[in-house]
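The file input32.cif contains mmCIF, C-alpha atoms:
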data_run
loop_
_atom_site.label_atom_id
_atom_site.label_comp_id
_atom_site.auth_asym_id
_atom_site.auth_seq_id
_atom_site.Cartn_x
_atom_site.Cartn_y
_atom_site.Cartn_z
CA MET N 1 81.31 92.94 103.50
CA VAL N 2 79.89 96.43 104.08
CA TYR N 3 82.64 97.82 101.85
CA TYR N 4 81.37 95.83 98.87
CA LEU N 5 77.83 97.24 99.15
CA TYR N 6 79.15 100.06 96.99
CA GLU N 7 79.79 97.69 94.09
CA PHE N 8 76.37 96.02 94.29
CA PHE N 9 74.09 98.88 95.35
CA GLY N 10 76.13 102.02 94.71
CA ILE N 11 76.05 103.06 98.39
CA ASN N 12 79.03 105.41 98.42
CA LEU N 13 78.77 106.05 102.18
CA PHE N 14 80.43 102.73 102.95
CA GLN N 15 83.54 103.64 100.96
CA TYR N 16 84.61 105.98 103.75
CA ILE N 17 87.05 104.52 106.28
CA THR N 18 85.67 106.69 109.08
CA VAL N 19 82.13 105.38 108.58
CA ARG N 20 83.22 101.76 108.46
CA ALA N 21 85.48 102.28 111.49
CA ALA N 22 82.50 103.57 113.48
CA ILE N 23 80.40 100.59 112.39
CA ALA N 24 83.21 98.19 113.33
CA PHE N 25 83.61 99.83 116.75
CA PHE N 26 79.94 99.42 117.65
CA VAL N 27 79.60 95.91 116.20
CA SER N 28 82.60 94.75 118.23
CA PHE N 29 81.40 96.61 121.31
CA CYS N 30 77.90 95.12 121.18
CA LEU N 31 79.12 91.61 120.41
CA THR N 32 81.62 91.69 123.28
CA MET N 33 79.01 93.08 125.69
CA TYR N 34 76.70 90.22 124.69
CA LEU N 35 79.27 87.42 124.88
CA ILE N 36 81.31 88.33 127.98
CA PRO N 37 78.53 87.68 130.58
CA LYS N 38 77.80 84.33 128.96
CA TYR N 39 81.48 83.48 128.92
CA ILE N 40 81.88 84.43 132.60
CA VAL N 41 79.06 82.06 133.58
CA TRP N 42 80.54 79.27 131.46
CA ALA N 43 84.11 79.91 132.68
CA ARG N 44 83.05 79.80 136.33
CA SER N 45 81.26 76.51 135.79
CA LYS N 46 84.40 75.06 134.15
CA LYS N 47 86.68 76.65 136.78
CA THR N 48 88.82 78.42 134.15
CA LYS N 49 90.24 80.72 136.80
CA GLN N 50 93.45 82.73 136.77
CA PRO N 51 96.24 81.19 138.89
CA ILE N 52 97.50 83.90 141.27
CA ASN N 53 101.07 84.50 142.36
CA LYS N 54 100.98 83.98 146.15
CA TYR N 55 103.68 86.61 146.69
CA VAL N 56 101.60 89.45 145.23
CA PRO N 57 99.90 91.38 148.06
CA ASN N 58 96.09 91.55 148.31
CA HIS N 59 95.55 89.40 145.23
CA GLN N 60 94.30 86.17 146.76
CA ASP N 61 90.71 87.37 146.50
CA LYS N 62 91.18 87.32 142.71
CA LYS N 63 91.97 83.60 142.57
CA ASN N 64 88.48 82.62 141.39
CA THR N 65 88.31 85.24 138.63
CA PRO N 66 87.86 83.69 135.15
CA THR N 67 90.60 84.31 132.60
CA MET N 68 91.06 84.09 128.81
CA GLY N 69 88.55 86.91 128.27
CA GLY N 70 90.84 88.14 125.52
CA ALA N 71 89.44 85.41 123.29
CA ILE N 72 86.08 87.17 123.35
CA PHE N 73 87.18 90.65 122.32
CA ILE N 74 89.61 89.27 119.74
CA PHE N 75 86.78 87.17 118.27
CA SER N 76 84.49 90.22 118.24
CA THR N 77 87.21 92.29 116.58
CA ILE N 78 87.67 89.74 113.80
CA VAL N 79 83.93 89.43 113.18
CA ALA N 80 83.41 93.21 113.12
CA SER N 81 86.43 93.65 110.84
CA LEU N 82 85.31 90.95 108.38
CA LEU N 83 82.03 92.82 108.06
CA THR N 84 83.61 96.18 107.32
CA VAL N 85 87.12 96.01 105.81
CA GLN N 86 88.39 95.59 102.26
CA LEU N 87 89.47 91.95 102.51
CA ASP N 88 91.98 91.93 99.66
CA ASN N 89 94.14 94.59 101.36
CA ILE N 90 97.60 93.21 102.24
CA TYR N 91 97.83 95.32 105.41
CA VAL N 92 94.49 93.95 106.60
CA ILE N 93 95.78 90.41 106.04
CA GLY N 94 98.86 91.24 108.12
CA ALA N 95 96.65 92.59 110.89
CA PHE N 96 94.56 89.41 110.96
CA ILE N 97 97.67 87.22 111.11
CA THR N 98 98.99 89.31 113.99
CA LEU N 99 95.80 89.31 116.05
CA ILE N 100 94.86 85.67 115.51
CA GLY N 101 98.39 84.25 115.63
CA PHE N 102 99.40 85.91 118.88
CA ALA N 103 95.99 85.19 120.41
CA LEU N 104 96.36 81.47 119.68
CA VAL N 105 99.80 81.37 121.31
CA GLY N 106 98.37 83.19 124.33
CA LEU N 107 95.40 80.81 124.45
CA LYS N 108 97.71 77.80 124.47
CA ASP N 109 99.71 79.36 127.30
CA ASP N 110 96.57 80.25 129.28
CA LEU N 111 95.14 76.75 128.92
CA GLY N 112 98.33 75.24 130.31
CA LYS N 113 98.16 77.50 133.35
CA VAL N 114 94.44 76.96 133.95
CA LEU N 115 94.54 73.18 133.59
CA SER N 116 97.55 72.86 135.87
CA GLY N 117 96.44 75.52 138.34
CA ASP N 118 99.99 76.89 138.25
CA ASN N 119 100.93 80.28 136.83
CA LEU N 120 104.28 78.86 135.71
CA LYS N 121 102.94 75.80 133.85
CA GLY N 122 101.98 77.34 130.52
CA LEU N 123 104.11 77.16 127.41
CA SER N 124 107.84 76.99 128.03
CA ALA N 125 109.61 80.34 127.66
CA LYS N 126 111.59 79.11 124.65
CA GLY N 127 108.58 77.52 122.97
CA LYS N 128 106.43 80.58 123.51
CA MET N 129 109.07 83.00 122.25
CA GLY N 130 109.81 80.78 119.25
CA LEU N 131 106.16 80.84 118.17
CA LEU N 132 105.87 84.60 118.66
CA ILE N 133 109.02 85.21 116.63
CA LEU N 134 107.75 82.94 113.85
CA ILE N 135 104.42 84.81 113.59
CA SER N 136 106.19 88.19 113.73
CA PHE N 137 108.59 87.08 111.01
CA ILE N 138 105.71 86.05 108.73
CA VAL N 139 104.04 89.45 109.21
CA ALA N 140 107.32 91.36 108.76
CA LEU N 141 108.11 89.41 105.59
CA LEU N 142 104.63 90.15 104.27
CA LEU N 143 105.23 93.89 104.78
CA TYR N 144 108.70 93.68 103.25
CA LEU N 145 107.29 92.02 100.13
CA ALA N 146 104.40 94.49 99.87
CA PRO N 147 105.03 96.50 96.69
CA ASP N 148 104.52 99.99 98.14
CA PHE N 149 105.51 99.67 101.80
CA PRO N 150 108.72 101.59 102.61
CA THR N 151 111.54 100.17 104.72
CA THR N 152 112.67 103.64 105.78
CA PHE N 153 113.37 104.58 109.40
CA TYR N 154 111.82 107.71 110.91
CA LEU N 155 112.35 109.64 114.14
CA PRO N 156 109.87 112.04 115.81
CA PHE N 157 110.34 115.75 114.99
CA ILE N 158 112.29 114.93 111.80
CA LYS N 159 110.31 115.17 108.55
CA ASN N 160 112.61 113.05 106.38
CA PRO N 161 113.62 109.42 106.99
CA LEU N 162 117.07 108.90 108.48
CA PHE N 163 117.94 105.92 106.31
CA ASP N 164 116.56 102.92 104.45
CA MET N 165 116.81 99.74 106.52
CA GLY N 166 116.42 97.47 103.50
CA VAL N 167 116.25 93.80 104.43
CA PHE N 168 117.22 94.68 108.02
CA ALA N 169 113.71 96.08 108.39
CA ILE N 170 112.48 92.50 108.87
CA PRO N 171 114.36 91.76 112.15
CA PHE N 172 113.64 95.30 113.34
CA TRP N 173 109.90 94.90 112.80
CA VAL N 174 110.00 91.48 114.48
CA LEU N 175 111.67 93.11 117.49
CA VAL N 176 109.04 95.87 117.62
CA MET N 177 106.15 93.39 117.63
CA ILE N 178 107.75 91.02 120.15
CA ALA N 179 108.76 93.85 122.50
CA SER N 180 105.33 95.48 122.34
CA SER N 181 103.56 92.15 122.89
CA ASN N 182 105.58 91.22 125.95
CA ALA N 183 105.38 94.76 127.37
CA VAL N 184 101.56 94.67 127.39
CA ASN N 185 101.69 91.16 128.82
CA LEU N 186 103.81 92.38 131.76
CA THR N 187 101.46 95.32 132.37
CA ASP N 188 98.34 93.17 132.59
CA GLY N 189 98.61 92.64 136.33
CA LEU N 190 95.90 94.86 137.79
CA ASP N 191 92.23 95.27 136.96
CA GLY N 192 91.93 97.31 133.76
CA LEU N 193 95.55 98.47 133.95
CA ALA N 194 96.44 97.31 130.43
CA THR N 195 92.98 97.82 128.92
CA VAL N 196 92.66 101.62 129.01
CA PRO N 197 96.25 102.47 127.94
CA THR N 198 95.71 100.09 125.02
CA ILE N 199 92.50 101.87 123.98
CA ILE N 200 94.32 105.21 124.18
CA ALA N 201 97.28 103.88 122.18
CA LEU N 202 94.96 102.36 119.56
CA THR N 203 93.32 105.77 119.15
CA THR N 204 96.63 107.59 118.74
CA LEU N 205 98.11 105.05 116.33
CA GLY N 206 94.80 104.85 114.46
CA VAL N 207 94.91 108.61 113.88
CA ILE N 208 98.50 108.43 112.59
CA VAL N 209 97.81 105.46 110.31
CA TYR N 210 94.72 107.24 108.93
CA ILE N 211 96.80 110.34 108.18
CA ILE N 212 99.53 108.29 106.49
CA GLY N 213 96.92 106.57 104.33
CA HIS N 214 95.43 109.93 103.31
CA ALA N 215 97.26 111.70 100.48
CA ILE N 216 96.27 115.25 101.50
CA PHE N 217 96.64 114.97 105.28
CA SER N 218 99.99 113.18 105.04
CA LYS N 219 101.37 115.83 102.70
CA TYR N 220 100.20 118.63 105.00
CA LEU N 221 101.83 117.07 108.08
CA LEU N 222 104.98 116.02 106.17
CA LEU N 223 104.35 112.34 106.83
CA PRO N 224 104.93 109.52 104.32
CA ASN N 225 101.90 108.54 102.28
CA ILE N 226 101.33 104.77 102.06
CA LYS N 227 98.35 103.78 99.95
CA GLY N 228 96.03 101.23 101.54
CA VAL N 229 97.18 101.32 105.17
CA GLY N 230 94.10 103.32 106.18
CA GLU N 231 91.98 100.15 106.05
CA VAL N 232 93.74 98.89 109.20
CA VAL N 233 92.23 101.82 111.12
CA ILE N 234 88.93 99.94 110.90
CA ILE N 235 90.45 96.93 112.67
CA ALA N 236 91.97 99.23 115.30
CA ALA N 237 88.52 100.75 115.87
CA ALA N 238 86.97 97.28 116.15
CA LEU N 239 89.57 96.25 118.73
CA ALA N 240 89.01 99.48 120.67
CA GLY N 241 85.27 98.75 120.69
CA GLY N 242 85.83 95.23 121.98
CA LEU N 243 88.20 96.47 124.69
CA PHE N 244 85.77 99.23 125.66
CA ALA N 245 83.08 96.61 126.29
CA PHE N 246 85.59 94.32 128.02
CA LEU N 247 86.47 97.18 130.39
CA TRP N 248 82.89 97.10 131.70
CA TYR N 249 83.72 93.73 133.28
CA ASN N 250 87.50 94.14 133.66
CA SER N 251 87.46 97.41 135.64
CA TYR N 252 88.16 97.22 139.38
CA PRO N 253 87.10 94.87 140.88
CA ALA N 254 87.49 92.71 137.77
CA GLU N 255 84.98 89.98 136.95
CA ILE N 256 87.25 88.60 134.23
CA PHE N 257 90.87 88.83 133.08
CA MET N 258 92.05 88.97 129.46
CA GLY N 259 94.91 86.51 130.03
CA ASP N 260 97.82 86.06 127.64
CA THR N 261 95.23 85.41 124.93
CA GLY N 262 94.38 89.10 125.00
CA SER N 263 97.55 90.81 126.19
CA LEU N 264 99.94 89.16 123.72
CA SER N 265 97.59 89.82 120.82
CA ILE N 266 96.82 93.47 121.54
CA GLY N 267 100.47 94.20 122.29
CA ALA N 268 101.60 92.72 118.97
CA PHE N 269 98.88 94.64 117.14
CA LEU N 270 100.06 97.91 118.69
CA GLY N 271 103.54 97.09 117.39
CA TYR N 272 102.08 96.31 113.97
CA LEU N 273 100.22 99.63 113.89
CA ALA N 274 103.41 101.48 114.89
CA ILE N 275 105.22 99.84 111.95
CA LEU N 276 102.47 100.87 109.52
CA ALA N 277 102.54 104.39 110.99
CA LYS N 278 106.34 104.57 110.63
CA SER N 279 106.25 105.42 114.34
CA GLU N 280 108.28 102.59 115.84
CA VAL N 281 110.29 105.02 118.00
CA LEU N 282 107.24 107.12 118.86
CA LEU N 283 105.65 103.91 120.20
CA ILE N 284 107.89 104.34 123.26
CA LEU N 285 105.87 107.47 124.15
CA ILE N 286 102.51 106.13 122.95
CA GLY N 287 102.93 102.99 125.05
CA ILE N 288 104.72 104.72 127.92
CA ILE N 289 103.04 102.63 130.64
CA PHE N 290 104.06 99.42 128.92
CA VAL N 291 107.61 100.75 128.58
CA ILE N 292 107.82 101.74 132.25
CA GLU N 293 106.52 98.34 133.35
CA THR N 294 109.04 96.52 131.15
CA LEU N 295 111.96 98.70 132.22
CA SER N 296 111.10 98.11 135.87
CA VAL N 297 111.42 94.34 135.34
CA MET N 298 114.68 94.70 133.40
CA LEU N 299 116.19 96.99 136.04
CA GLN N 300 115.06 94.71 138.85
CA VAL N 301 116.52 91.59 137.26
CA GLY N 302 119.72 93.34 136.22
CA SER N 303 120.26 94.89 139.63
CA TYR N 304 119.69 91.62 141.44
CA LYS N 305 122.08 89.71 139.18
CA LEU N 306 124.84 92.33 139.35
CA ARG N 307 124.47 93.69 142.91
CA HIS N 308 122.24 91.11 144.61
CA LYS N 309 119.99 94.02 145.55
CA ARG N 310 116.50 94.95 144.41
CA ILE N 311 115.58 98.42 143.17
CA PHE N 312 111.85 97.95 143.67
CA LEU N 313 109.96 96.15 146.40
CA MET N 314 108.48 94.01 143.61
CA ALA N 315 108.42 94.15 139.83
CA PRO N 316 106.65 95.00 137.56
CA ILE N 317 106.40 98.44 139.09
CA HIS N 318 102.64 98.35 139.76
CA HIS N 319 103.37 95.66 142.38
CA HIS N 320 105.97 97.98 143.95
CA PHE N 321 103.24 100.52 144.64
CA GLU N 322 100.98 97.78 145.98
CA MET N 323 103.75 96.83 148.41
CA LYS N 324 103.79 100.48 149.50
CA ASN N 325 100.09 100.09 150.35
CA TRP N 326 98.73 102.22 147.54
CA PRO N 327 95.09 101.24 146.85
CA GLU N 328 94.84 99.23 143.64
CA ASN N 329 92.29 101.51 141.98
CA LYS N 330 94.49 104.55 142.71
CA ILE N 331 97.49 102.91 140.99
CA ILE N 332 95.33 102.01 138.00
CA VAL N 333 93.79 105.46 137.49
CA ARG N 334 97.12 107.25 137.91
CA PHE N 335 98.72 105.00 135.31
CA TRP N 336 95.79 105.72 132.98
CA MET N 337 96.38 109.45 133.43
CA ILE N 338 100.06 109.08 132.55
CA ALA N 339 99.13 107.11 129.43
CA LEU N 340 96.66 109.79 128.30
CA LEU N 341 99.12 112.64 128.82
CA ALA N 342 101.89 110.80 126.97
CA ASN N 343 99.62 110.13 124.00
CA LEU N 344 98.58 113.77 123.80
CA VAL N 345 102.27 114.68 123.60
CA ALA N 346 102.77 112.00 120.92
CA LEU N 347 100.01 113.57 118.80
CA ILE N 348 101.55 117.01 119.23
CA THR N 349 104.82 115.74 117.75
CA LEU N 350 103.02 115.18 114.42
CA LYS N 351 102.79 118.95 113.93
CA ILE N 352 106.31 119.74 115.19
CA ARG N 353 108.43 118.41 112.34
#
What does this structure look like when you write it as structure tokens?
Amino acid sequence: MVYYLYEFFGINLFQYITVRAAIAFFVSFCLTMYLIPKYIVWARSKKTKQPINKYVPNHQDKKNTPTMGGAIFIFSTIVASLLTVQLDNIYVIGAFITLIGFALVGLKDDLGKVLSGDNLKGLSAKGKMGLLILISFIVALLLYLAPDFPTTFYLPFIKNPLFDMGVFAIPFWVLVMIASSNAVNLTDGLDGLATVPTIIALTTLGVIVYIIGHAIFSKYLLLPNIKGVGEVVIIAAALAGGLFAFLWYNSYPAEIFMGDTGSLSIGAFLGYLAILAKSEVLLILIGIIFVIETLSVMLQVGSYKLRHKRIFLMAPIHHHFEMKNWPENKIIVRFWMIALLANLVALITLKIR
């Protein structure tokens, strides 16, 4: 809406992505800060609390903490974005489908858990994965059919694409979004643990997408130039603003959890941004905490099936450190530090090509 003020009033300031991204950030931040306390009061009265795994140490005091807070910052992100983006942009449409689609699947899963009081009684694994794949496929197909979006595959440190994936880009992009979504979902097990690394990753990917959408900057850094993708930076800024406000209540000790409603949605959106940034491989470094958490689960399951022995005391790995009696806030802050350092390295790779 703000974007179109130029056409009616000739206000050129609102043509700039950076200005509209800043507006979107603060609109989403303020709206989330306003809505979260009201939601917490309502959620407590309705007993929409997060079911807690009884085997996780020192977590029973969290059993009355409201969940599904992700619905608030996703709602704020959509509102802020609608006010600031160019709505006829195909990449913006893809972003909305990703955020809303994955959030709705997460909401359905959360409701099943809350109503049953059992952390295992949400959507079935097959049903949940089927819906996530369907949404990812729709988004991937939309990108594939976009007239100017390349299907080329890039690696960090190499200035030219390795090859053109062609139609195989669709399953690859689906895999990126699904993997990223589930990785964030696995990480969301401690207060604020997934929130800050997501904000950091959104910042890094937002910078790369902005550069790729900018003809001069992309040429200077030897990155592909894709016209129109820069608009999605505004949505990334709006989501970062919503998460920043959410962190006020989600930091240790958390007053609210984001639930699958939030974690699935933000994870998929990170994957979507990585696709737009032609940084699908670099996402491994940008989302290093999510990768470590996912690998810890895969290694644990694989080791137990093959050797009947566990590698970690408990997986995901943040629970391993809890079992070793690390204070929760120390685990959280150290993981945040690792995420920040990894993202700084990821940004450095843009210049070394």
>> Considering only C-alpha atoms, can you say which of N:Leu205, N:Val174, N:Met33, N:Met314 comes closest to Asn343 (chain N)?
In response: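 Answer, going by the shortest atom-to-atom distance: N:Leu205.
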>> Quick check, in Å to one decimal: how far apart do CA of Pro147 (chain N) and CA of Ser81 (chain N) lie?
In response: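 Between CA of Pro147 (chain N) and CA of Ser81 (chain N) the gap is 23.5 Å.
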>> What's the separation between CA of Ser279 (chain N) and CA of Phe153 (chain N), in Å to one decimal place?
In response: 8.7 Å
>> Report, in Å with one decimal, the straight-line distance from CA of Leu239 (chain N) to CA of Thr77 (chain N).
In response: 5.1 Å
> For His214 (chain N), which of N:Val114, N:Tyr16, N:Ala315, N:Val139 is the closest residue, counting only C-alpha atoms?
Replying inline: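 Smallest distance to His214 (chain N) is found for N:Tyr16.
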Because some atoms of region 320-344 of chain N are absent here, can you restore N, CA and C atoms and send them as a PDB file, keeping the file's coordinate frame?
ATOM      1  N   HIS N 320     105.168  97.178 143.015  1.00  0.00           N
ATOM      2  CA  HIS N 320     105.970  97.980 143.950  1.00  0.00           C
ATOM      3  C   HIS N 320     105.055  98.934 144.716  1.00  0.00           C
ATOM      4  N   PHE N 321     104.148  99.578 143.984  1.00  0.00           N
ATOM      5  CA  PHE N 321     103.240 100.520 144.640  1.00  0.00           C
ATOM      6  C   PHE N 321     102.223  99.788 145.519  1.00  0.00           C
ATOM      7  N   GLU N 322     101.854  98.579 145.117  1.00  0.00           N
ATOM      8  CA  GLU N 322     100.980  97.780 145.980  1.00  0.00           C
ATOM      9  C   GLU N 322     101.686  97.456 147.299  1.00  0.00           C
ATOM     10  N   MET N 323     102.975  97.122 147.215  1.00  0.00           N
ATOM     11  CA  MET N 323     103.750  96.830 148.410  1.00  0.00           C
ATOM     12  C   MET N 323     103.876  98.049 149.326  1.00  0.00           C
ATOM     13  N   LYS N 324     103.745  99.237 148.732  1.00  0.00           N
ATOM     14  CA  LYS N 324     103.790 100.480 149.500  1.00  0.00           C
ATOM     15  C   LYS N 324     102.401 100.874 150.001  1.00  0.00           C
ATOM     16  N   ASN N 325     101.455  99.924 149.842  1.00  0.00           N
ATOM     17  CA  ASN N 325     100.090 100.090 150.350  1.00  0.00           C
ATOM     18  C   ASN N 325      99.269 101.144 149.612  1.00  0.00           C
ATOM     19  N   TRP N 326      99.607 101.392 148.365  1.00  0.00           N
ATOM     20  CA  TRP N 326      98.730 102.220 147.540  1.00  0.00           C
ATOM     21  C   TRP N 326      97.486 101.397 147.201  1.00  0.00           C
ATOM     22  N   PRO N 327      96.292 101.972 147.278  1.00  0.00           N
ATOM     23  CA  PRO N 327      95.090 101.240 146.850  1.00  0.00           C
ATOM     24  C   PRO N 327      95.181 100.890 145.370  1.00  0.00           C
ATOM     25  N   GLU N 328      94.710  99.699 145.020  1.00  0.00           N
ATOM     26  CA  GLU N 328      94.840  99.230 143.640  1.00  0.00           C
ATOM     27  C   GLU N 328      94.188 100.175 142.639  1.00  0.00           C
ATOM     28  N   ASN N 329      92.976 100.646 142.950  1.00  0.00           N
ATOM     29  CA  ASN N 329      92.290 101.510 141.980  1.00  0.00           C
ATOM     30  C   ASN N 329      93.019 102.847 141.796  1.00  0.00           C
ATOM     31  N   LYS N 330      93.732 103.311 142.834  1.00  0.00           N
ATOM     32  CA  LYS N 330      94.490 104.550 142.710  1.00  0.00           C
ATOM     33  C   LYS N 330      95.690 104.354 141.774  1.00  0.00           C
ATOM     34  N   ILE N 331      96.372 103.223 141.877  1.00  0.00           N
ATOM     35  CA  ILE N 331      97.490 102.910 140.990  1.00  0.00           C
ATOM     36  C   ILE N 331      96.993 102.869 139.545  1.00  0.00           C
ATOM     37  N   ILE N 332      95.881 102.191 139.347  1.00  0.00           N
ATOM     38  CA  ILE N 332      95.330 102.010 138.000  1.00  0.00           C
ATOM     39  C   ILE N 332      94.998 103.350 137.357  1.00  0.00           C
ATOM     40  N   VAL N 333      94.235 104.181 138.070  1.00  0.00           N
ATOM     41  CA  VAL N 333      93.790 105.460 137.490  1.00  0.00           C
ATOM     42  C   VAL N 333      94.974 106.382 137.229  1.00  0.00           C
ATOM     43  N   ARG N 334      95.949 106.392 138.126  1.00  0.00           N
ATOM     44  CA  ARG N 334      97.120 107.250 137.910  1.00  0.00           C
ATOM     45  C   ARG N 334      97.924 106.805 136.695  1.00  0.00           C
ATOM     46  N   PHE N 335      98.031 105.500 136.494  1.00  0.00           N
ATOM     47  CA  PHE N 335      98.720 105.000 135.310  1.00  0.00           C
ATOM     48  C   PHE N 335      97.938 105.355 134.040  1.00  0.00           C
ATOM     49  N   TRP N 336      96.615 105.301 134.117  1.00  0.00           N
ATOM     50  CA  TRP N 336      95.790 105.720 132.980  1.00  0.00           C
ATOM     51  C   TRP N 336      96.050 107.186 132.637  1.00  0.00           C
ATOM     52  N   MET N 337      96.150 108.017 133.653  1.00  0.00           N
ATOM     53  CA  MET N 337      96.380 109.450 133.430  1.00  0.00           C
ATOM     54  C   MET N 337      97.723 109.688 132.745  1.00  0.00           C
ATOM     55  N   ILE N 338      98.741 108.956 133.174  1.00  0.00           N
ATOM     56  CA  ILE N 338     100.060 109.080 132.550  1.00  0.00           C
ATOM     57  C   ILE N 338      99.993 108.674 131.082  1.00  0.00           C
ATOM     58  N   ALA N 339      99.276 107.583 130.806  1.00  0.00           N
ATOM     59  CA  ALA N 339      99.130 107.110 129.430  1.00  0.00           C
ATOM     60  C   ALA N 339      98.444 108.160 128.555  1.00  0.00           C
ATOM     61  N   LEU N 340      97.394 108.773 129.060  1.00  0.00           N
ATOM     62  CA  LEU N 340      96.660 109.790 128.300  1.00  0.00           C
ATOM     63  C   LEU N 340      97.546 110.995 128.002  1.00  0.00           C
ATOM     64  N   LEU N 341      98.248 111.483 129.013  1.00  0.00           N
ATOM     65  CA  LEU N 341      99.120 112.640 128.820  1.00  0.00           C
ATOM     66  C   LEU N 341     100.222 112.350 127.803  1.00  0.00           C
ATOM     67  N   ALA N 342     100.820 111.172 127.900  1.00  0.00           N
ATOM     68  CA  ALA N 342     101.890 110.800 126.970  1.00  0.00           C
ATOM     69  C   ALA N 342     101.381 110.732 125.537  1.00  0.00           C
ATOM     70  N   ASN N 343     100.174 110.236 125.348  1.00  0.00           N
ATOM     71  CA  ASN N 343      99.620 110.130 124.000  1.00  0.00           C
ATOM     72  C   ASN N 343      99.248 111.488 123.419  1.00  0.00           C
ATOM     73  N   LEU N 344      98.835 112.404 124.271  1.00  0.00           N
ATOM     74  CA  LEU N 344      98.580 113.770 123.800  1.00  0.00           C
ATOM     75  C   LEU N 344      99.878 114.411 123.300  1.00  0.00           C
TER      76      LEU N 344
END
